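Comments concern the structure below.
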Amino acid sequence: MIKISPSILAADFANLERDISRVSSADYLHVDVMDGLFVPNITIGVPVVKSIRAVTALPLDVHLMIDRPVRYVEDFCKAGADIVTVHVEADTEENTRLALERVRALGKRAGVVLKPKTPAEAALPFLDQCAMVLVMTVEPGFGGQSFMEDMLEKVRTLRGWIGGRGLDCELEVDGGIGPRTAPPAVEAGANVLVAGSAVYGAEDIPARIAELRG
Ligand code: DX5
Ligand code: ZN
């Protein structure tokens, strides 16, 4: 089953509870955390995740676009994150491993994220520890960018490794996903689709979520 994780980056932050309730037919809620260092944008932090936790039953899929995320993963877990993904580019291999361990020790699902220029191989050292691998299909930092078709090969490669090793690991894509780009991403092996503008820009949000699910 294909899962949809709407990104609240495209929501109206002054009406976040309303906009979260509009995507209640989705599978996860994607929360983009940016620190202005790892990416050139600043979004939301731990207190907002805690407030969101109180108003939705959807699992919170927290995408940390922050420098040295090992410093904060436990805070996000305690605030109510269900899935926490960290960028492999954001710290040393040792600290990334430690970040994943800390998430798992709190009973949450951990994952790694790859920026577009980062090869699939960069996920290999962590695959056994991951409940999710996220392939960025745009440069992280902003919503509303165009899907990078050349990321499909990376998705295909990762799907092959996950299947070949029999791992219980979801494969998520994030950036530029819409009705036109969802089918090739799924065909390449993605099973979780993040969508911000395609969901919140839709006339009929539940219909768009169903359409993306295919
Ligand atoms: C970008 C974020 C994405 C973003 C996707 O750095 O990680 O989650 O919200 O937005 P769309 O779906 O509009 O490309
Ligand atoms: Zn994201």
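Identifiers in the structure tokens: chain A, B, ... in order shown; residue index from 1 per chain; ligand index from 1 in order shown.
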I'd like a table as a tab-separated table: residues in chain A with an atom no more than 6 Å from ligand 2, each row giving the shortest atom pair and its distance in Å to one decimal, only C-alpha atoms and all ligand atoms counted, sorted by chain and rising residue number.
residue	atom	partner	partner_atom_place_in_ligand_line	distance
A:Asp32	CA	ligand 2	1 (Zn)	4.9
A:His63	CA	ligand 2	1 (Zn)	5.3
A:Asp174	CA	ligand 2	1 (Zn)	5.7
Could you write those residues out with N, CA and C atoms, as a short mmCIF file (atom, residue, chain, number, x, y, z; two decimals), in the first residue's frame?
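What follows is the written file result-v9.cif:
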data_model
loop_
_atom_site.label_atom_id
_atom_site.label_comp_id
_atom_site.auth_asym_id
_atom_site.auth_seq_id
_atom_site.Cartn_x
_atom_site.Cartn_y
_atom_site.Cartn_z
N ASP A 32 8.55 19.33 8.51
CA ASP A 32 9.87 19.76 8.05
C ASP A 32 10.50 20.72 9.05
N HIS A 63 11.05 15.24 9.63
CA HIS A 63 12.22 15.32 8.74
C HIS A 63 13.13 16.43 9.27
N ASP A 174 10.54 12.84 -1.34
CA ASP A 174 10.11 14.15 -0.83
C ASP A 174 10.58 15.25 -1.77
#
Problem set entry | Nearby residues, ligand 1, 7 Å, only C-alpha atoms and all ligand atoms, as a list in words |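 Sorted by chain and then by number, the residues are Ser7, Ile8, Leu9, Ala10, His30, Asp32, His63, Val138, Glu139, Pro140, Gly141, Phe142, Gly143, Gly144, Gln145, Ser146, Asp174, Gly175, Gly176, Ile177, Val194, Ala195, Gly196, Ser197 and Ala198 of chain A.
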Output C-alpha atoms of each residue in that selection to a file, as a PDB file, in the first residue's frame.
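Okay, part_12.pdb is ready:
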ATOM      1  CA  SER A   7       3.942  18.265   4.337  1.00  0.00           C
ATOM      2  CA  ILE A   8       2.622  20.994   6.605  1.00  0.00           C
ATOM      3  CA  LEU A   9       5.258  23.306   5.161  1.00  0.00           C
ATOM      4  CA  ALA A  10       2.557  24.150   2.606  1.00  0.00           C
ATOM      5  CA  HIS A  30       5.279  15.248   7.384  1.00  0.00           C
ATOM      6  CA  ASP A  32       9.870  19.762   8.049  1.00  0.00           C
ATOM      7  CA  HIS A  63      12.219  15.324   8.743  1.00  0.00           C
ATOM      8  CA  VAL A 138      14.492  18.380  -4.656  1.00  0.00           C
ATOM      9  CA  GLU A 139      17.225  20.280  -2.809  1.00  0.00           C
ATOM     10  CA  PRO A 140      15.974  20.488   0.784  1.00  0.00           C
ATOM     11  CA  GLY A 141      14.942  23.876   2.113  1.00  0.00           C
ATOM     12  CA  PHE A 142      11.809  24.941   0.315  1.00  0.00           C
ATOM     13  CA  GLY A 143       8.474  23.610  -0.884  1.00  0.00           C
ATOM     14  CA  GLY A 144       7.120  24.076  -4.384  1.00  0.00           C
ATOM     15  CA  GLN A 145      10.228  23.030  -6.351  1.00  0.00           C
ATOM     16  CA  SER A 146      10.335  20.770  -9.416  1.00  0.00           C
ATOM     17  CA  ASP A 174      10.110  14.151  -0.828  1.00  0.00           C
ATOM     18  CA  GLY A 175       9.925  17.132  -3.136  1.00  0.00           C
ATOM     19  CA  GLY A 176       7.896  17.961  -6.203  1.00  0.00           C
ATOM     20  CA  ILE A 177       5.543  15.000  -5.784  1.00  0.00           C
ATOM     21  CA  VAL A 194       5.575  13.345   0.797  1.00  0.00           C
ATOM     22  CA  ALA A 195       3.523  16.089  -0.836  1.00  0.00           C
ATOM     23  CA  GLY A 196       3.193  19.700   0.251  1.00  0.00           C
ATOM     24  CA  SER A 197       1.962  21.977  -2.511  1.00  0.00           C
ATOM     25  CA  ALA A 198       0.206  19.176  -4.406  1.00  0.00           C
TER      26      ALA A 198
END
Exercise. So which residues touch Leu152 in chain A within 9 Å, counting only C-alpha atoms, skipping near sequence neighbours fewer than 6 positions away, as an MDAnalysis selection string?
Worked result: chainID A and resid 137 184:185 187:189
For this session: Could you check which of A:Val155, A:Met136, A:Ala99, A:Ile83 is closest to Leu114 in chain A, using only C-alpha atoms?
Result: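 Among the listed residues, A:Met136 lies closest to Leu114 in chain A.
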Exercise. Between CA of Lys154 in chain A and CA of Thr92 in chain A, what is the spacing in Å?
Worked result: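 Distance reported for this atom pair: 21.7 Å.
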Problem set entry | Nearest to Asp82 in chain A by atom-to-atom distance, counting only C-alpha atoms, from A:Arg97, A:Gln129, A:Leu29, A:Pro116 | A:Leu29
Problem set entry | CA of Ala57 in chain A to CA of Ser24 in chain A, distance in Å rounded to a single decimal |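 According to the coordinates, CA of Ala57 in chain A and CA of Ser24 in chain A are separated by 8.3 Å.
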Exercise. Suppose you want the space between CA of Glu94 in chain A and CA of Val31 in chain A; what is it in Å?
Worked result: 25.1 Å
For this session: From a DSSP pass on the backbone, collect the residues of range 17-183 of chain A flagged as strand (DSSP E) and hand them back as a PyMOL selection string.
Result: chain A and resi 29-34+60-65+83-87+109-114+132-136+170-174
For this session: Within 12 Å of Leu193 in chain A, counting only C-alpha atoms, which residues show up once you throw out same-chain ones fewer than 6 positions away? Write them as a VMD selection string, please.
Result: chain A and resid 1 to 7 26 to 30 61 133 to 137 170 to 179 181 to 186 199 209 to 214
